[in-house]
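Below is work.cif, holding mmCIF, C-alpha atoms.
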```cif
data_structure
#
loop_
_atom_site.label_atom_id
_atom_site.label_comp_id
_atom_site.auth_asym_id
_atom_site.auth_seq_id
_atom_site.Cartn_x
_atom_site.Cartn_y
_atom_site.Cartn_z
CA MET A 1484 0.00 0.00 0.00
CA GLU A 1485 1.32 3.43 -0.96
CA GLN A 1486 2.13 5.64 2.01
CA ASP A 1487 1.17 9.30 2.42
CA ALA A 1488 3.78 11.49 4.10
CA GLN A 1489 1.37 14.19 5.33
CA ARG A 1490 0.35 14.24 8.98
CA VAL A 1491 -3.27 13.38 9.65
CA VAL A 1492 -5.70 13.42 12.55
CA ILE A 1493 -7.91 10.37 12.94
CA GLY A 1494 -11.09 11.42 14.67
CA MET A 1495 -12.91 8.60 16.44
CA ASP A 1496 -16.43 8.18 17.79
CA PRO A 1497 -16.09 5.15 20.11
CA HIS A 1498 -18.68 2.68 21.34
CA LYS A 1499 -18.35 -0.63 23.18
CA ARG A 1500 -18.66 -2.87 20.13
CA SER A 1501 -17.73 -0.53 17.28
CA VAL A 1502 -15.84 2.65 16.44
CA THR A 1503 -16.27 5.09 13.57
CA ILE A 1504 -13.23 7.00 12.35
CA GLU A 1505 -12.51 9.82 9.94
CA VAL A 1506 -9.04 10.65 8.64
CA MET A 1507 -8.45 14.38 8.17
CA THR A 1508 -5.47 16.37 6.86
CA ALA A 1509 -4.26 19.68 8.28
CA ASP A 1510 -6.35 21.62 5.75
CA GLU A 1511 -9.46 19.69 6.93
CA THR A 1512 -9.70 17.50 3.85
CA VAL A 1513 -11.29 14.15 4.62
CA VAL A 1514 -9.12 11.40 3.08
CA GLY A 1515 -10.48 8.25 4.68
CA GLY A 1516 -12.57 6.65 7.36
CA GLY A 1517 -14.98 3.86 8.16
CA ARG A 1518 -16.74 1.87 10.83
CA PHE A 1519 -14.99 -1.05 12.54
CA GLY A 1520 -15.77 -3.59 15.21
CA THR A 1521 -13.83 -3.53 18.47
CA ASP A 1522 -13.08 -7.24 18.32
CA ILE A 1523 -9.62 -8.40 17.24
CA ALA A 1524 -10.50 -8.64 13.54
CA GLY A 1525 -12.16 -5.21 13.44
CA TYR A 1526 -9.30 -3.55 15.30
CA ARG A 1527 -6.74 -5.07 12.92
CA SER A 1528 -8.77 -3.95 9.91
CA MET A 1529 -8.83 -0.40 11.25
CA LEU A 1530 -5.05 -0.32 11.69
CA GLU A 1531 -4.61 -1.71 8.19
CA VAL A 1532 -6.75 1.08 6.73
CA VAL A 1533 -4.76 3.86 8.42
CA ARG A 1534 -1.34 2.33 7.76
CA ARG A 1535 -0.91 4.49 4.66
CA TRP A 1536 -0.64 7.55 6.97
CA PRO A 1537 2.32 6.71 9.23
CA ASP A 1538 2.41 10.29 10.60
CA ARG A 1539 -0.88 10.21 12.48
CA VAL A 1540 -2.47 11.12 15.77
CA TRP A 1541 -5.69 9.59 17.06
CA ALA A 1542 -8.22 12.06 18.46
CA ILE A 1543 -10.71 10.06 20.52
CA GLU A 1544 -13.81 11.38 22.22
CA GLY A 1545 -14.12 10.56 25.93
CA CYS A 1546 -10.83 8.82 26.72
CA ARG A 1547 -11.74 8.84 30.40
CA GLY A 1548 -15.04 7.14 29.65
CA ILE A 1549 -16.38 5.15 26.72
CA GLY A 1550 -13.24 5.76 24.64
CA ARG A 1551 -10.80 4.47 27.25
CA HIS A 1552 -10.81 0.83 26.13
CA VAL A 1553 -9.77 1.56 22.55
CA ALA A 1554 -7.37 4.35 23.55
CA LEU A 1555 -5.46 1.91 25.77
CA ARG A 1556 -5.22 -0.62 22.95
CA LEU A 1557 -3.81 2.00 20.61
CA LEU A 1558 -1.31 3.16 23.23
CA ALA A 1559 -0.16 -0.43 23.72
CA ASP A 1560 0.53 -0.52 19.97
CA GLY A 1561 2.67 2.62 20.16
CA GLN A 1562 0.09 5.01 18.71
CA GLU A 1563 -0.19 8.70 19.63
CA VAL A 1564 -3.57 9.51 21.19
CA VAL A 1565 -5.20 12.73 22.39
CA ASP A 1566 -8.43 13.09 24.35
CA VAL A 1567 -11.28 15.16 22.89
CA PRO A 1568 -13.79 16.26 25.56
CA PRO A 1569 -17.41 15.56 24.46
CA LYS A 1570 -18.36 19.21 24.95
CA LEU A 1571 -15.81 20.31 22.35
CA SER A 1572 -16.91 17.74 19.78
CA ALA A 1573 -20.59 18.64 20.37
CA ARG A 1574 -19.79 22.31 19.74
CA ALA A 1575 -17.87 21.45 16.57
CA ARG A 1576 -20.78 19.30 15.37
CA VAL A 1577 -23.25 22.18 15.71
CA PHE A 1578 -20.92 24.61 13.94
CA SER A 1579 -20.10 22.23 11.08
CA THR A 1580 -23.60 20.84 10.46
CA GLY A 1581 -25.83 23.70 11.63
CA GLN A 1582 -27.69 21.38 14.00
CA GLY A 1583 -26.94 19.06 16.89
CA ARG A 1584 -28.22 15.78 15.45
CA LYS A 1585 -25.86 12.93 16.24
CA THR A 1586 -24.72 10.09 14.02
CA ASP A 1587 -21.54 8.05 14.31
CA ALA A 1588 -20.21 9.63 11.11
CA THR A 1589 -20.95 13.23 12.13
CA ASP A 1590 -19.49 12.56 15.56
CA ALA A 1591 -16.25 11.19 14.07
CA HIS A 1592 -16.09 14.22 11.76
CA SER A 1593 -16.58 16.61 14.69
CA VAL A 1594 -13.87 14.88 16.72
CA ALA A 1595 -11.49 15.06 13.75
CA LEU A 1596 -12.20 18.79 13.39
CA VAL A 1597 -11.40 19.41 17.05
CA GLY A 1598 -8.22 17.35 16.78
CA THR A 1599 -7.15 19.28 13.68
CA ARG A 1600 -8.04 22.78 14.84
CA MET A 1601 -7.17 22.77 18.53
CA ALA A 1602 -3.73 22.72 20.07
CA GLY A 1603 -3.20 21.63 23.65
CA LEU A 1604 -5.51 18.63 23.74
CA ARG A 1605 -4.56 16.29 26.58
CA PRO A 1606 -2.25 13.49 25.42
CA VAL A 1607 -3.36 10.10 26.68
CA VAL A 1608 -0.65 8.12 28.43
CA ASP A 1609 -0.66 4.54 29.63
CA ASP A 1610 -0.03 5.29 33.30
CA GLN A 1611 -0.10 1.89 34.95
CA GLN A 1612 -0.05 3.30 38.48
CA LEU A 1613 -3.05 5.50 37.76
CA ALA A 1614 -4.85 2.63 36.03
CA VAL A 1615 -4.40 0.45 39.11
CA LEU A 1616 -5.70 3.23 41.35
CA ARG A 1617 -8.77 3.75 39.20
CA VAL A 1618 -9.61 0.05 39.10
CA LEU A 1619 -9.28 -0.23 42.88
CA GLY A 1620 -11.13 3.05 43.42
CA ASP A 1621 -14.04 1.83 41.29
CA ARG A 1622 -14.14 -1.39 43.29
CA ARG A 1623 -14.13 0.52 46.59
CA ARG A 1624 -17.05 2.70 45.48
CA SER A 1625 -18.94 -0.41 44.39
CA LEU A 1626 -18.47 -1.90 47.85
CA GLY A 1627 -19.79 1.31 49.37
CA GLU A 1628 -22.87 1.21 47.15
CA ASP A 1629 -23.49 -2.45 48.07
CA HIS A 1630 -23.19 -1.53 51.76
CA THR A 1631 -25.73 1.29 51.43
CA ARG A 1632 -28.19 -0.93 49.56
CA MET A 1633 -27.92 -3.77 52.07
CA ILE A 1634 -28.32 -1.44 55.04
CA SER A 1635 -31.53 -0.11 53.49
CA GLN A 1636 -32.86 -3.65 53.02
CA LEU A 1637 -31.89 -4.60 56.57
CA HIS A 1638 -33.64 -1.56 58.06
CA GLN A 1639 -36.82 -2.46 56.20
CA LEU A 1640 -36.73 -6.03 57.52
CA LEU A 1641 -35.99 -4.91 61.08
CA LEU A 1642 -38.89 -2.46 60.92
CA GLU A 1643 -41.17 -5.41 60.11
CA LEU A 1644 -39.61 -7.59 62.81
CA ILE A 1645 -39.16 -5.06 65.64
CA PRO A 1646 -41.70 -2.38 66.59
CA GLY A 1647 -40.13 0.98 65.70
CA GLY A 1648 -37.30 -0.66 63.79
CA ALA A 1649 -33.65 0.16 64.47
CA LYS A 1650 -31.60 3.35 64.68
CA LYS A 1651 -30.26 4.86 61.47
CA ASP A 1652 -26.53 4.37 62.15
CA LEU A 1653 -26.59 0.64 62.73
CA SER A 1654 -23.51 -1.55 62.74
CA ALA A 1655 -23.57 -5.22 61.81
CA ALA A 1656 -22.79 -6.16 65.42
CA GLN A 1657 -25.68 -4.07 66.72
CA ALA A 1658 -28.04 -5.53 64.14
CA LYS A 1659 -26.94 -9.04 65.09
CA ALA A 1660 -27.66 -8.31 68.78
CA LEU A 1661 -31.12 -6.99 67.93
CA LEU A 1662 -31.92 -9.92 65.72
CA ALA A 1663 -30.91 -12.39 68.44
CA LYS A 1664 -33.86 -11.21 70.53
CA VAL A 1665 -36.38 -11.75 67.74
CA ARG A 1666 -38.24 -15.08 67.66
CA PRO A 1667 -41.02 -14.87 65.10
CA ARG A 1668 -43.52 -17.74 64.96
CA ASP A 1669 -45.17 -17.10 61.57
CA ALA A 1670 -43.63 -18.24 58.29
CA ALA A 1671 -43.20 -14.71 56.91
CA GLY A 1672 -41.52 -13.54 60.10
CA LYS A 1673 -39.13 -16.49 60.06
CA ALA A 1674 -38.25 -15.73 56.42
CA ARG A 1675 -37.61 -12.06 57.30
CA ARG A 1676 -35.35 -13.07 60.18
CA ARG A 1677 -33.40 -15.51 58.02
CA VAL A 1678 -32.86 -12.95 55.23
CA ALA A 1679 -31.90 -10.30 57.80
CA ALA A 1680 -29.28 -12.68 59.23
CA GLU A 1681 -27.90 -13.29 55.73
CA LEU A 1682 -27.70 -9.54 55.11
CA ILE A 1683 -25.83 -9.03 58.38
CA ALA A 1684 -23.29 -11.71 57.40
CA ASP A 1685 -22.89 -10.05 53.97
CA LEU A 1686 -22.41 -6.66 55.63
CA GLU A 1687 -19.66 -8.06 57.87
CA ARG A 1688 -17.82 -9.36 54.80
CA ILE A 1689 -18.27 -6.07 52.93
CA TYR A 1690 -17.01 -4.09 55.93
CA ALA A 1691 -13.85 -6.22 56.02
CA ARG A 1692 -13.34 -5.73 52.28
CA LYS A 1693 -13.92 -1.97 52.55
CA LYS A 1694 -11.39 -1.72 55.35
CA ALA A 1695 -8.77 -3.66 53.37
CA ALA A 1696 -9.52 -1.64 50.21
CA ASP A 1697 -9.18 1.67 52.08
CA LYS A 1698 -5.81 0.60 53.49
CA GLU A 1699 -4.48 -0.45 50.09
CA LEU A 1700 -5.75 2.69 48.35
CA LYS A 1701 -4.36 5.03 51.01
CA GLU A 1702 -0.93 3.46 50.61
CA LEU A 1703 -1.04 3.66 46.81
CA VAL A 1704 -2.36 7.23 46.74
CA ALA A 1705 0.25 8.33 49.28
CA ALA A 1706 2.97 6.82 47.06
CA THR A 1707 1.94 9.17 44.22
CA GLY A 1708 2.73 12.22 46.36
CA THR A 1709 -0.69 13.79 45.73
CA SER A 1710 -2.25 16.10 48.31
CA LEU A 1711 -5.83 15.46 47.16
CA MET A 1712 -6.73 13.51 50.29
CA ASP A 1713 -5.93 16.60 52.36
CA LEU A 1714 -9.07 18.17 50.90
CA ASN A 1715 -12.34 17.83 52.77
CA GLY A 1716 -14.54 15.10 51.30
CA ILE A 1717 -11.80 13.42 49.22
CA GLY A 1718 -11.19 9.87 50.36
CA PRO A 1719 -8.90 7.21 48.88
CA ASP A 1720 -11.68 6.01 46.58
CA ARG A 1721 -12.18 9.49 45.09
CA ALA A 1722 -8.56 10.64 44.80
CA PRO A 1723 -7.77 8.46 41.72
CA GLN A 1724 -10.47 10.34 39.79
CA GLY A 1725 -9.03 13.77 40.56
CA GLY A 1726 -7.05 15.83 38.11
CA GLY A 1727 -3.95 15.73 40.30
CA LEU A 1728 -3.23 12.09 39.51
#
```
In structure tokens, what does this structure look like?
Amino acid sequence: MEQDAQRVVIGMDPHKRSVTIEVMTADETVVGGGRFGTDIAGYRSMLEVVRRWPDRVWAIEGCRGIGRHVALRLLADGQEVVDVPPKLSARARVFSTGQGRKTDATDAHSVALVGTRMAGLRPVVDDQQLAVLRVLGDRRRSLGEDHTRMISQLHQLLLELIPGGAKKDLSAAQAKALLAKVRPRDAAGKARRRVAAELIADLERIYARKKAADKELKELVAATGTSLMDLNGIGPDRAPQGGGL
């Protein structure tokens, strides 16, 4: 395949199972593009199509979100990638089309325009330390959400088992002590007590996991040298999402 020496921007509209790209030169001439699957075959086909432009940079919308998976694959293959914030591509789409209607092709075109026209877009780097922190931070938040959901379920069951229910800030140990005094005789009451006991056991396990996750995250965040956790309301699970990391 004949190679083109000019530098191009490859604008990409990413989705989970497919991506749409548009290849644009510095004078905003569209010279290529297409829609590709994100499986191995589709990814290889995409790289084969753009091989004729060895001097290229990939401009991908939402590299911190839906575009992260394909951006990381490109980085692993030695490609240069910049992040295009969705607000910028949406603005470019309105200006270039006269309306805000979205299609994969118009989105890829808008992203390519932003990548061609704007200097200073954030380069995407494969920061393994940050990737580890984000994975663990996501897991810690998920544990917190599970804890909140289970506490809500437990309170509802205790309200049906104990007149007046239980206090709002209830630990697993306190719930276990309350439940030990409950001896329902009807089938529904026995089922509520059994499920409440299962929830308490689950909460004890989640608490242990949260405690271990907090310890690991605090150590990892501290190793980065960031001061984000000094700010009110920023815990170890939130610090990996901050701009300082």
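In this comparison, which uses only C-alpha atoms, the residue of A:Arg1551, A:Arg1600, A:Arg1677, A:Arg1576 approaching Thr1508 in chain A most closely is A:Arg1600.
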Give as a list in words the residues that the PyMOL selection byres ((chain A and resi 1653) around 12) matches when applied to the coordinates above.
-> His1630, Thr1631, Met1633, Ile1634, Ser1635, Leu1637, His1638, Leu1641, Gly1648, Ala1649, Lys1650, Lys1651, Asp1652, Ser1654, Ala1655, Ala1656, Gln1657, Ala1658, Lys1659, Ala1660, Leu1661, Ile1683 and Leu1686 of chain A
Mind checking which residues fall within 12 Å of range 1667-1669 of chain A, counting only C-alpha atoms, ignoring those fewer than 5 positions away in the same chain, and posting them as a list in words?
->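 Result of the neighbour search: Leu1641, Glu1643, Leu1644, Ile1645, Leu1662, Ala1674, Arg1675, Arg1676 and Arg1677 of chain A.
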Residues selected by the PyMOL selection byres ((chain A and resi 1495) around 6), written as a PDB file with C-alpha atoms, in the frame of the given file:
```pdb
ATOM      1  CA  GLY A1494     -11.090  11.420  14.670  1.00  0.00           C
ATOM      2  CA  ASP A1496     -16.430   8.180  17.790  1.00  0.00           C
ATOM      3  CA  PRO A1497     -16.090   5.150  20.110  1.00  0.00           C
ATOM      4  CA  THR A1503     -16.270   5.090  13.570  1.00  0.00           C
ATOM      5  CA  ILE A1504     -13.230   7.000  12.350  1.00  0.00           C
ATOM      6  CA  ILE A1543     -10.710  10.060  20.520  1.00  0.00           C
ATOM      7  CA  ALA A1591     -16.250  11.190  14.070  1.00  0.00           C
TER       8      ALA A1591
END
```
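For the atom pair formed by CA of Thr1521 in chain A and CA of Arg1624 in chain A, the distance is 27.9 Å, given to one decimal.
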Take every atom of range 1639-1645 of chain A listed in the file, pad by 6 Å on each side, and give me the axis-aligned box centre and edge lengths in Å, one decimal, as AutoDock Vina command-line options.
```
--center_x -38.6 --center_y -5.0 --center_z 60.9 --size_x 17.2 --size_y 17.1 --size_z 21.4
```
Could you check which of A:Ala1602, A:Gly1672, A:Val1678, A:Leu1626 is closest to Tyr1690 in chain A, using all atoms listed in the file?
->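 Ranked by minimum distance to Tyr1690 in chain A, first place goes to A:Leu1626.
Residues matching the PyMOL selection byres ((chain A and resi 1513) around 10) in this structure come to A:Val1491, A:Val1492, A:Ile1493, A:Glu1505, A:Val1506, A:Met1507, A:Thr1508, A:Ala1509, A:Asp1510, A:Glu1511, A:Thr1512, A:Val1514, A:Gly1515, A:Gly1516, A:His1592, A:Ala1595, A:Leu1596.
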Using only C-alpha atoms, find the one residue out of A:Ala1575, A:Ile1689, A:Val1594, A:Ala1588 that sits nearest to Asp1629 in chain A.
-> A:Ile1689
Taking into account all atoms listed in the file, which residue in the set A:Arg1547, A:Lys1693, A:Arg1539, A:Arg1534 is nearest to Arg1617 in chain A?
->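 Using all atoms listed in the file, the shortest distance to Arg1617 in chain A belongs to A:Arg1547.
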Which neighbours of Lys1499 in chain A fall inside 10 Å, counting all atoms listed in the file, when residues of the same chain fewer than 4 positions from it are skipped, and could you give them as a PyMOL selection string?
-> chain A and resi 1520-1522+1549-1553
Write the residues of the preceding selection, restricted to C-alpha atoms, as a PDB file, in the coordinates of the input.
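Result file selection.pdb:
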```
ATOM      1  CA  GLY A1520     -15.770  -3.590  15.210  1.00  0.00           C
ATOM      2  CA  THR A1521     -13.830  -3.530  18.470  1.00  0.00           C
ATOM      3  CA  ASP A1522     -13.080  -7.240  18.320  1.00  0.00           C
ATOM      4  CA  ILE A1549     -16.380   5.150  26.720  1.00  0.00           C
ATOM      5  CA  GLY A1550     -13.240   5.760  24.640  1.00  0.00           C
ATOM      6  CA  ARG A1551     -10.800   4.470  27.250  1.00  0.00           C
ATOM      7  CA  HIS A1552     -10.810   0.830  26.130  1.00  0.00           C
ATOM      8  CA  VAL A1553      -9.770   1.560  22.550  1.00  0.00           C
TER       9      VAL A1553
END
```
Coordinates-based distance that separates CA of Val1704 in chain A from CA of Pro1569 in chain A (Å, one decimal) =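 Between these atoms lies a distance of 28.1 Å.
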What gap, in Å, lies between CA of Val1567 in chain A and CA of Glu1544 in chain A?
->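 CA of Glu1544 in chain A lies at a distance of 4.6 Å from CA of Val1567 in chain A.
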Between A:Leu1530, A:Glu1681, A:Arg1692, A:Asp1621, which is the closest to Leu1640 in chain A once you count all atoms listed in the file?
->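 For Leu1640 in chain A, the nearest of the given residues is A:Glu1681.
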Return the single residue from A:Lys1673, A:Val1597, A:Thr1589, A:Ala1559 that is closest to Gly1517 in chain A, with distances computed using all atoms listed in the file.
->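 Looking only at the distances to Gly1517 in chain A, the closest residue turns out to be A:Thr1589.
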